[in-house]
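Colleague: Below is the file start_8.cif, with mmCIF, C-alpha atoms.
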```cif
data_coords
loop_
_atom_site.label_atom_id
_atom_site.label_comp_id
_atom_site.auth_asym_id
_atom_site.auth_seq_id
_atom_site.Cartn_x
_atom_site.Cartn_y
_atom_site.Cartn_z
CA TYR A 239 -97.94 -138.01 107.94
CA ARG A 240 -100.50 -140.31 109.61
CA ARG A 241 -103.40 -138.03 108.75
CA ILE A 242 -106.99 -139.06 109.33
CA HIS A 243 -108.89 -139.93 106.18
CA GLY A 244 -112.47 -141.11 106.56
CA HIS A 245 -114.57 -139.60 103.79
CA TYR A 246 -111.69 -137.23 102.97
CA ASP A 247 -110.82 -138.20 99.39
CA SER A 248 -107.07 -138.63 99.70
CA LEU A 249 -104.62 -139.80 97.05
CA ILE A 250 -102.33 -142.84 96.98
CA THR A 251 -98.70 -142.44 98.06
CA ASP A 252 -95.79 -143.94 96.12
CA LYS A 253 -95.57 -146.72 98.71
CA GLY A 254 -99.30 -147.29 98.36
CA ALA A 255 -98.89 -147.70 94.61
CA ARG A 256 -96.26 -150.39 95.20
CA GLN A 257 -98.59 -152.14 97.64
CA ILE A 258 -101.29 -152.13 94.96
CA THR A 259 -98.87 -153.71 92.48
CA ALA A 260 -98.18 -156.49 94.99
CA LEU A 261 -101.93 -156.97 95.43
CA GLN A 262 -102.33 -157.33 91.66
CA GLU A 263 -99.70 -160.06 91.59
CA ARG A 264 -101.53 -161.87 94.37
CA PHE A 265 -104.86 -161.76 92.52
CA ASP A 266 -103.54 -162.58 89.03
CA PRO A 267 -104.17 -166.35 89.40
CA ILE A 268 -107.40 -165.98 91.41
CA PRO A 269 -110.67 -166.25 89.45
CA VAL A 270 -112.92 -163.30 90.29
CA GLU A 271 -116.30 -162.70 88.67
CA ALA A 272 -117.19 -159.23 89.97
CA VAL A 273 -115.39 -156.32 91.66
CA TYR A 274 -116.97 -153.74 93.94
CA SER A 275 -115.36 -150.67 95.49
CA SER A 276 -115.98 -147.70 97.71
CA ASP A 277 -116.36 -144.52 95.70
CA LEU A 278 -113.30 -142.92 97.33
CA ASN A 279 -110.21 -142.50 95.15
CA ARG A 280 -107.86 -144.63 97.27
CA ALA A 281 -110.25 -147.59 97.10
CA ILE A 282 -110.88 -147.22 93.36
CA ARG A 283 -107.11 -147.12 92.72
CA THR A 284 -106.72 -150.28 94.80
CA ALA A 285 -109.58 -152.04 93.03
CA ALA A 286 -107.81 -151.41 89.71
CA ALA A 287 -105.32 -154.12 90.73
CA ILE A 288 -108.13 -156.64 90.34
CA TYR A 289 -110.74 -155.48 87.86
CA LYS A 290 -108.44 -154.07 85.15
CA PRO A 291 -106.24 -157.18 84.57
CA LYS A 292 -109.39 -159.32 84.49
CA ASN A 293 -111.26 -156.96 82.14
CA LEU A 294 -114.17 -156.64 84.54
CA PRO A 295 -116.35 -153.58 85.14
CA LEU A 296 -115.94 -151.84 88.47
CA ILE A 297 -119.12 -151.42 90.49
CA ILE A 298 -118.87 -148.42 92.82
CA SER A 299 -120.92 -147.96 95.98
CA LYS A 300 -120.94 -145.20 98.61
CA LEU A 301 -122.10 -147.84 101.10
CA LEU A 302 -118.54 -149.22 101.06
CA ARG A 303 -117.00 -145.94 102.26
CA GLU A 304 -114.85 -145.60 105.35
CA ILE A 305 -116.42 -144.27 108.54
CA ALA A 306 -117.04 -140.52 108.36
CA MET A 307 -114.53 -138.86 110.69
CA GLY A 308 -116.32 -135.52 110.95
CA SER A 309 -114.24 -132.72 112.48
CA TRP A 310 -111.22 -135.04 112.66
CA GLU A 311 -110.90 -135.32 108.88
CA ASP A 312 -107.33 -134.53 107.70
CA LEU A 313 -105.97 -133.98 111.22
CA CYS A 314 -102.95 -136.03 112.30
CA TRP A 315 -103.53 -138.87 114.75
CA GLY A 316 -100.91 -137.42 117.08
CA GLU A 317 -102.74 -134.09 117.05
CA VAL A 318 -106.01 -135.81 117.94
CA GLU A 319 -104.29 -137.71 120.75
CA GLU A 320 -103.16 -134.40 122.26
CA LYS A 321 -106.45 -132.54 121.87
CA TYR A 322 -109.05 -135.31 122.25
CA PRO A 323 -107.42 -138.14 124.25
CA GLU A 324 -110.65 -139.52 125.70
CA GLN A 325 -112.47 -139.59 122.37
CA LEU A 326 -109.45 -141.23 120.68
CA TYR A 327 -109.48 -143.89 123.37
CA TYR A 328 -113.17 -144.50 122.73
CA TYR A 329 -112.62 -144.61 118.97
CA ASN A 330 -110.04 -147.40 119.30
CA THR A 331 -111.48 -149.38 122.21
CA SER A 332 -115.23 -148.62 122.61
CA PRO A 333 -116.38 -147.00 119.36
CA ASP A 334 -120.00 -147.05 120.54
CA LYS A 335 -118.98 -144.24 122.95
CA TRP A 336 -117.13 -142.23 120.28
CA GLU A 337 -118.88 -138.92 119.57
CA ILE A 338 -117.38 -135.97 117.66
CA ASP A 339 -118.90 -133.28 115.47
CA GLY A 340 -119.97 -134.79 112.17
CA GLY A 341 -118.66 -138.27 113.04
CA GLU A 342 -120.57 -141.36 111.93
CA ARG A 343 -121.86 -143.58 114.70
CA PHE A 344 -120.12 -146.96 114.85
CA SER A 345 -123.47 -148.75 114.85
CA ASP A 346 -124.42 -146.95 111.62
CA LEU A 347 -121.10 -147.87 109.99
CA LYS A 348 -121.51 -151.49 111.06
CA ASN A 349 -125.08 -151.72 109.75
CA ARG A 350 -124.06 -150.01 106.51
CA ILE A 351 -121.11 -152.26 105.68
CA VAL A 352 -122.80 -155.50 106.76
CA SER A 353 -125.93 -154.69 104.72
CA ALA A 354 -123.78 -153.80 101.71
CA ILE A 355 -121.90 -157.11 101.84
CA PHE A 356 -125.11 -159.13 102.17
CA GLU A 357 -126.64 -157.27 99.22
CA ILE A 358 -123.54 -157.90 97.08
CA ALA A 359 -123.70 -161.58 97.99
CA LYS A 360 -127.39 -161.73 97.08
CA ILE A 361 -126.76 -160.17 93.66
CA ASN A 362 -123.77 -162.48 93.02
CA ASP A 363 -125.02 -165.76 94.44
CA GLY A 364 -122.51 -168.54 93.82
CA LYS A 365 -119.83 -166.20 92.50
CA THR A 366 -116.41 -165.12 93.74
CA VAL A 367 -116.44 -161.38 94.33
CA ALA A 368 -113.73 -158.92 95.34
CA VAL A 369 -114.87 -156.01 97.53
CA VAL A 370 -112.51 -153.11 98.17
CA THR A 371 -113.31 -151.02 101.23
CA HIS A 372 -111.45 -149.40 104.15
CA GLY A 373 -109.73 -150.34 107.41
CA GLY A 374 -112.35 -149.02 109.79
CA ALA A 375 -115.19 -150.51 107.75
CA ILE A 376 -113.39 -153.87 107.63
CA ARG A 377 -112.90 -153.79 111.39
CA ALA A 378 -116.64 -153.14 111.86
CA LEU A 379 -117.49 -156.00 109.48
CA LEU A 380 -115.14 -158.39 111.29
CA SER A 381 -116.65 -157.43 114.64
CA TYR A 382 -120.03 -158.51 113.24
CA ILE A 383 -118.74 -161.82 111.87
CA LEU A 384 -116.82 -162.63 115.06
CA ASN A 385 -119.67 -161.38 117.27
CA VAL A 386 -117.37 -158.97 119.10
CA PRO A 387 -119.24 -156.24 121.03
CA PRO A 388 -118.05 -152.62 120.62
CA GLY A 389 -116.55 -152.57 124.12
CA GLU A 390 -114.25 -155.45 123.14
CA ILE A 391 -113.28 -154.15 119.69
CA SER A 392 -109.59 -154.35 120.67
CA ARG A 393 -109.88 -158.09 119.92
CA VAL A 394 -110.20 -157.12 116.24
CA GLN A 395 -106.88 -155.62 115.19
CA TYR A 396 -106.52 -153.07 112.42
CA CYS A 397 -105.45 -154.42 109.03
CA ASP A 398 -102.47 -153.53 106.88
CA ASN A 399 -102.92 -151.63 103.63
CA THR A 400 -104.21 -153.99 100.89
CA ALA A 401 -104.62 -156.84 103.41
CA VAL A 402 -107.05 -159.50 102.23
CA THR A 403 -109.93 -161.08 104.15
CA LEU A 404 -111.68 -164.11 102.67
CA LEU A 405 -115.24 -164.81 103.72
CA THR A 406 -118.11 -166.96 102.56
CA ILE A 407 -121.82 -166.34 102.88
CA GLU A 408 -124.14 -169.30 103.01
CA ASN A 409 -127.74 -169.41 104.22
CA GLY A 410 -127.45 -165.86 105.48
CA ILE A 411 -124.37 -166.55 107.61
CA MET A 412 -120.95 -164.94 107.08
CA SER A 413 -117.96 -167.14 107.85
CA LEU A 414 -114.25 -166.30 107.78
CA LYS A 415 -111.68 -168.37 105.94
CA TYR A 416 -108.93 -165.95 106.97
CA MET A 417 -108.65 -162.27 107.86
CA ASN A 418 -106.25 -159.34 107.41
CA ASP A 419 -103.70 -161.36 105.42
CA ASP A 420 -100.82 -159.26 104.06
CA SER A 421 -98.56 -162.09 102.91
CA HIS A 422 -98.25 -160.49 99.46
CA LEU A 423 -96.37 -157.56 101.02
CA SER A 424 -92.66 -157.66 101.79
CA ASP A 425 -91.42 -156.28 105.09
CA ALA A 426 -90.38 -153.13 103.26
CA LEU A 427 -93.82 -152.70 101.70
CA SER A 428 -95.89 -153.49 104.79
CA SER A 429 -97.21 -150.43 106.63
CA PHE A 430 -97.77 -152.34 109.89
CA ARG A 431 -95.38 -155.27 110.21
CA LYS A 432 -92.52 -153.39 111.89
CA GLU A 433 -94.83 -151.31 114.09
CA THR A 434 -96.54 -152.24 117.34
CA TRP A 435 -99.14 -149.52 117.97
CA TRP A 436 -101.92 -151.36 116.12
CA LYS A 437 -101.44 -154.42 118.36
CA GLU A 438 -102.00 -152.45 121.55
CA GLU A 439 -105.41 -152.28 123.18
CA ASP A 440 -105.76 -148.52 122.77
CA ALA A 441 -104.10 -148.56 119.30
CA ARG A 442 -102.46 -145.13 119.65
CA ASP A 443 -99.69 -143.97 117.36
CA SER A 444 -98.08 -140.91 118.94
CA ARG A 445 -95.39 -140.29 116.32
CA ASN A 446 -97.02 -137.54 114.35
CA MET A 447 -98.43 -134.18 115.27
CA ARG A 448 -99.59 -131.70 112.65
CA PHE A 449 -96.95 -131.72 109.90
CA VAL A 450 -95.37 -128.31 109.31
CA PRO A 451 -93.03 -128.01 106.31
#
```
Show the structure stored in the file as structure tokens.

Modeller:
Amino acid sequence: YRRIHGHYDSLITDKGARQITALQERFDPIPVEAVYSSDLNRAIRTAAAIYKPKNLPLIISKLLREIAMGSWEDLCWGEVEEKYPEQLYYYNTSPDKWEIDGGERFSDLKNRIVSAIFEIAKINDGKTVAVVTHGGAIRALLSYILNVPPGEISRVQYCDNTAVTLLTIENGIMSLKYMNDDSHLSDALSSFRKETWWKEEDARDSRNMRFVP
């Protein structure tokens, strides 16, 4: 129903479970030495595609959480577009101007996720590590790596569910090998491939208002 889940601890849908299976198949031949995850259920379930087949422990960190969506938690995006059009525009295009009750500042999210990744790299120097986090947090991390200011965040598109970004950290510098790759998902499994809203500058998806059974 296109509901907003930041810190809201939502479950995985049936389609999401199939996406996770596809992710597991992608990672089966890839050597991974440590797996980290956000403490939210949907991230932990996703991380299971990697750490369980490889018999690795899962290291959980609240620092890897999605941005806190405050009073928007569990609303539908279409509902927010109707009630808070200006703030939704800011959220998607200039998140430094986004301000709602209980919402996490974009600068705080960015500092949190970047610091967490650097700390993980420091602890696992020379290792290959899988980190499972969330779409908004990934977008903030990519904006740091690509040196994209908040007012130009539209240059960093949202990623598909279970999309993979490969980065290296050397001498304190993050570099991208590739970003937001969903090649392990079929067209039927992809959440984004047949849609266009996430490619638009204001990234608005008007399909869903509050779902009423």

Colleague: Since I can't run it myself right now, could you work out what the PyMOL selection byres ((chain A and resi 351) around 9) selects here and report it as an MDAnalysis selection string?

Modeller: chainID A and resid 301:303 346:350 352:356 375:376 378:379

Colleague: Taking the file as shown, find all residues satisfying the PyMOL selection byres ((chain A and resi 335) around 12) and write them as a ChimeraX atom specification.

Modeller: /A:324-334,336-338,341-345,388-389,391

Colleague: For the residues selected in the previous step, produce a file with C-alpha atoms as a PDB file, in the coordinates of the input.

Modeller:
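Result file result29.pdb:
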```pdb
ATOM      1  CA  GLU A 324    -110.650-139.520 125.700  1.00  0.00           C
ATOM      2  CA  GLN A 325    -112.470-139.590 122.370  1.00  0.00           C
ATOM      3  CA  LEU A 326    -109.450-141.230 120.680  1.00  0.00           C
ATOM      4  CA  TYR A 327    -109.480-143.890 123.370  1.00  0.00           C
ATOM      5  CA  TYR A 328    -113.170-144.500 122.730  1.00  0.00           C
ATOM      6  CA  TYR A 329    -112.620-144.610 118.970  1.00  0.00           C
ATOM      7  CA  ASN A 330    -110.040-147.400 119.300  1.00  0.00           C
ATOM      8  CA  THR A 331    -111.480-149.380 122.210  1.00  0.00           C
ATOM      9  CA  SER A 332    -115.230-148.620 122.610  1.00  0.00           C
ATOM     10  CA  PRO A 333    -116.380-147.000 119.360  1.00  0.00           C
ATOM     11  CA  ASP A 334    -120.000-147.050 120.540  1.00  0.00           C
ATOM     12  CA  TRP A 336    -117.130-142.230 120.280  1.00  0.00           C
ATOM     13  CA  GLU A 337    -118.880-138.920 119.570  1.00  0.00           C
ATOM     14  CA  ILE A 338    -117.380-135.970 117.660  1.00  0.00           C
ATOM     15  CA  GLY A 341    -118.660-138.270 113.040  1.00  0.00           C
ATOM     16  CA  GLU A 342    -120.570-141.360 111.930  1.00  0.00           C
ATOM     17  CA  ARG A 343    -121.860-143.580 114.700  1.00  0.00           C
ATOM     18  CA  PHE A 344    -120.120-146.960 114.850  1.00  0.00           C
ATOM     19  CA  SER A 345    -123.470-148.750 114.850  1.00  0.00           C
ATOM     20  CA  PRO A 388    -118.050-152.620 120.620  1.00  0.00           C
ATOM     21  CA  GLY A 389    -116.550-152.570 124.120  1.00  0.00           C
ATOM     22  CA  ILE A 391    -113.280-154.150 119.690  1.00  0.00           C
TER      23      ILE A 391
END
```

Colleague: Taking the file as shown, find all residues satisfying the PyMOL selection byres ((chain A and resi 298) around 7) and write them as a list in words.

Modeller: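 Selected by the PyMOL selection byres ((chain A and resi 298) around 7) here: Tyr274, Ser275, Ser276, Asp277, Leu296, Ile297, Ser299 and Lys300 of chain A.
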
Colleague: Smallest atom-to-atom distance to Gly410 (chain A): which of A:Leu427, A:Val370, A:Ala281, A:Ala359, using only C-alpha atoms?

Modeller: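 Nearest candidate to Gly410 (chain A) out of A:Leu427, A:Val370, A:Ala281, A:Ala359: A:Ala359.
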
Colleague: So that I can see what lies close to Val270 (chain A), please list as a list of chain:residue names the residues with an atom at most 10 Å from it, counting only C-alpha atoms and leaving out residues fewer than 6 positions away in the same chain.

Modeller: A:Ile288, A:Tyr289, A:Lys292, A:Leu294, A:Lys365, A:Thr366, A:Val367, A:Ala368

Colleague: Taking all atoms listed in the file into account, which of A:Pro269, A:Gly308, A:Pro295, A:Gly364 comes nearest Thr406 (chain A)?

Modeller: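 Among the listed residues, A:Gly364 lies closest to Thr406 (chain A).
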
Colleague: Between A:Leu261, A:Ile250, A:Ile305, A:Ile358, which residue has the minimum interatomic distance to Asp420 (chain A), considering all atoms listed in the file?

Modeller: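 Ranked by minimum distance to Asp420 (chain A), first place goes to A:Leu261.
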
Colleague: Show me the residues around (-103.9, -150.9, 97.4) - criterion: an atom at most 6 Å away, all atoms listed in the file counted - as a list in words.

Modeller: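 Neighbouring residues, ordered by chain and number, come to Gly254, Gln257, Ile258, Thr284 and Thr400 of chain A.
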
Colleague: For Gly373 (chain A), which residue among A:Asp440, A:Ala272, A:Met417, A:Gly340 is the nearest when counting only C-alpha atoms?

Modeller: A:Met417

Colleague: From the list A:Asn399, A:Tyr322, A:Ser421, A:Val369, which residue is nearest Thr251 (chain A) when using only C-alpha atoms?

Modeller: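 Using only C-alpha atoms, the shortest distance to Thr251 (chain A) belongs to A:Asn399.
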
Colleague: Output region 409-420 of chain A with all heavy atoms present, as a PDB file, keeping the file's coordinate frame.

Modeller:
```pdb
ATOM      1  N   ASN A 409    -126.522-169.388 103.417  1.00  0.00           N
ATOM      2  CA  ASN A 409    -127.740-169.410 104.220  1.00  0.00           C
ATOM      3  C   ASN A 409    -127.811-168.220 105.187  1.00  0.00           C
ATOM      4  O   ASN A 409    -128.235-168.336 106.346  1.00  0.00           O
ATOM      5  CB  ASN A 409    -127.857-170.717 105.002  1.00  0.00           C
ATOM      6  CG  ASN A 409    -127.953-171.928 104.101  1.00  0.00           C
ATOM      7  OD1 ASN A 409    -128.606-171.880 103.046  1.00  0.00           O
ATOM      8  ND2 ASN A 409    -127.313-173.012 104.479  1.00  0.00           N
ATOM      9  N   GLY A 410    -127.362-167.067 104.689  1.00  0.00           N
ATOM     10  CA  GLY A 410    -127.450-165.860 105.480  1.00  0.00           C
ATOM     11  C   GLY A 410    -126.426-165.737 106.588  1.00  0.00           C
ATOM     12  O   GLY A 410    -126.541-164.861 107.454  1.00  0.00           O
ATOM     13  N   ILE A 411    -125.394-166.569 106.568  1.00  0.00           N
ATOM     14  CA  ILE A 411    -124.370-166.550 107.610  1.00  0.00           C
ATOM     15  C   ILE A 411    -123.007-166.263 106.986  1.00  0.00           C
ATOM     16  O   ILE A 411    -122.595-166.937 106.041  1.00  0.00           O
ATOM     17  CB  ILE A 411    -124.322-167.892 108.365  1.00  0.00           C
ATOM     18  CG1 ILE A 411    -125.656-168.144 109.075  1.00  0.00           C
ATOM     19  CG2 ILE A 411    -123.184-167.895 109.393  1.00  0.00           C
ATOM     20  CD1 ILE A 411    -125.759-169.500 109.737  1.00  0.00           C
ATOM     21  N   MET A 412    -122.312-165.244 107.526  1.00  0.00           N
ATOM     22  CA  MET A 412    -120.950-164.940 107.080  1.00  0.00           C
ATOM     23  C   MET A 412    -119.957-165.758 107.889  1.00  0.00           C
ATOM     24  O   MET A 412    -120.044-165.808 109.118  1.00  0.00           O
ATOM     25  CB  MET A 412    -120.630-163.454 107.283  1.00  0.00           C
ATOM     26  CG  MET A 412    -121.375-162.511 106.386  1.00  0.00           C
ATOM     27  SD  MET A 412    -120.692-160.817 106.547  1.00  0.00           S
ATOM     28  CE  MET A 412    -122.002-159.880 105.742  1.00  0.00           C
ATOM     29  N   SER A 413    -119.006-166.373 107.198  1.00  0.00           N
ATOM     30  CA  SER A 413    -117.960-167.140 107.850  1.00  0.00           C
ATOM     31  C   SER A 413    -116.603-166.717 107.310  1.00  0.00           C
ATOM     32  O   SER A 413    -116.463-166.421 106.112  1.00  0.00           O
ATOM     33  CB  SER A 413    -118.151-168.642 107.608  1.00  0.00           C
ATOM     34  OG  SER A 413    -119.412-169.078 108.077  1.00  0.00           O
ATOM     35  N   LEU A 414    -115.603-166.699 108.177  1.00  0.00           N
ATOM     36  CA  LEU A 414    -114.250-166.300 107.780  1.00  0.00           C
ATOM     37  C   LEU A 414    -113.413-167.514 107.406  1.00  0.00           C
ATOM     38  O   LEU A 414    -113.383-168.500 108.118  1.00  0.00           O
ATOM     39  CB  LEU A 414    -113.559-165.566 108.930  1.00  0.00           C
ATOM     40  CG  LEU A 414    -113.980-164.132 109.206  1.00  0.00           C
ATOM     41  CD1 LEU A 414    -113.316-163.638 110.487  1.00  0.00           C
ATOM     42  CD2 LEU A 414    -113.635-163.224 108.040  1.00  0.00           C
ATOM     43  N   LYS A 415    -112.720-167.410 106.288  1.00  0.00           N
ATOM     44  CA  LYS A 415    -111.680-168.370 105.940  1.00  0.00           C
ATOM     45  C   LYS A 415    -110.342-167.885 106.505  1.00  0.00           C
ATOM     46  O   LYS A 415    -109.581-168.654 107.070  1.00  0.00           O
ATOM     47  CB  LYS A 415    -111.586-168.534 104.424  1.00  0.00           C
ATOM     48  CG  LYS A 415    -112.838-169.120 103.777  1.00  0.00           C
ATOM     49  CD  LYS A 415    -113.061-170.566 104.196  1.00  0.00           C
ATOM     50  CE  LYS A 415    -114.235-171.172 103.419  1.00  0.00           C
ATOM     51  NZ  LYS A 415    -114.471-172.582 103.813  1.00  0.00           N
ATOM     52  N   TYR A 416    -110.066-166.611 106.317  1.00  0.00           N
ATOM     53  CA  TYR A 416    -108.930-165.950 106.970  1.00  0.00           C
ATOM     54  C   TYR A 416    -109.196-164.458 106.956  1.00  0.00           C
ATOM     55  O   TYR A 416    -110.085-163.975 106.250  1.00  0.00           O
ATOM     56  CB  TYR A 416    -107.595-166.295 106.309  1.00  0.00           C
ATOM     57  CG  TYR A 416    -107.488-165.994 104.830  1.00  0.00           C
ATOM     58  CD1 TYR A 416    -107.256-164.703 104.366  1.00  0.00           C
ATOM     59  CD2 TYR A 416    -107.586-167.019 103.879  1.00  0.00           C
ATOM     60  CE1 TYR A 416    -107.133-164.431 103.017  1.00  0.00           C
ATOM     61  CE2 TYR A 416    -107.464-166.752 102.526  1.00  0.00           C
ATOM     62  CZ  TYR A 416    -107.235-165.461 102.101  1.00  0.00           C
ATOM     63  OH  TYR A 416    -107.115-165.190 100.767  1.00  0.00           O
ATOM     64  N   MET A 417    -108.412-163.704 107.754  1.00  0.00           N
ATOM     65  CA  MET A 417    -108.650-162.270 107.860  1.00  0.00           C
ATOM     66  C   MET A 417    -107.330-161.493 107.899  1.00  0.00           C
ATOM     67  O   MET A 417    -106.314-161.993 108.386  1.00  0.00           O
ATOM     68  CB  MET A 417    -109.465-161.944 109.125  1.00  0.00           C
ATOM     69  CG  MET A 417    -108.841-162.430 110.419  1.00  0.00           C
ATOM     70  SD  MET A 417    -109.881-162.114 111.883  1.00  0.00           S
ATOM     71  CE  MET A 417    -109.408-160.413 112.232  1.00  0.00           C
ATOM     72  N   ASN A 418    -107.358-160.301 107.326  1.00  0.00           N
ATOM     73  CA  ASN A 418    -106.250-159.340 107.410  1.00  0.00           C
ATOM     74  C   ASN A 418    -104.909-159.944 106.970  1.00  0.00           C
ATOM     75  O   ASN A 418    -103.878-159.694 107.586  1.00  0.00           O
ATOM     76  CB  ASN A 418    -106.133-158.798 108.838  1.00  0.00           C
ATOM     77  CG  ASN A 418    -107.361-158.003 109.261  1.00  0.00           C
ATOM     78  OD1 ASN A 418    -108.205-157.648 108.431  1.00  0.00           O
ATOM     79  ND2 ASN A 418    -107.470-157.716 110.550  1.00  0.00           N
ATOM     80  N   ASP A 419    -104.925-160.713 105.894  1.00  0.00           N
ATOM     81  CA  ASP A 419    -103.700-161.360 105.420  1.00  0.00           C
ATOM     82  C   ASP A 419    -102.918-160.423 104.497  1.00  0.00           C
ATOM     83  O   ASP A 419    -103.434-159.967 103.478  1.00  0.00           O
ATOM     84  CB  ASP A 419    -104.052-162.654 104.673  1.00  0.00           C
ATOM     85  CG  ASP A 419    -102.806-163.383 104.200  1.00  0.00           C
ATOM     86  OD1 ASP A 419    -102.213-164.100 105.018  1.00  0.00           O
ATOM     87  OD2 ASP A 419    -102.426-163.214 103.027  1.00  0.00           O
ATOM     88  N   ASP A 420    -101.661-160.145 104.870  1.00  0.00           N
ATOM     89  CA  ASP A 420    -100.820-159.260 104.060  1.00  0.00           C
ATOM     90  C   ASP A 420     -99.586-159.979 103.531  1.00  0.00           C
ATOM     91  O   ASP A 420     -98.540-159.361 103.315  1.00  0.00           O
ATOM     92  CB  ASP A 420    -100.405-158.033 104.867  1.00  0.00           C
ATOM     93  CG  ASP A 420     -99.515-158.382 106.057  1.00  0.00           C
ATOM     94  OD1 ASP A 420     -99.373-159.585 106.361  1.00  0.00           O
ATOM     95  OD2 ASP A 420     -98.961-157.446 106.682  1.00  0.00           O
TER      96      ASP A 420
END
```
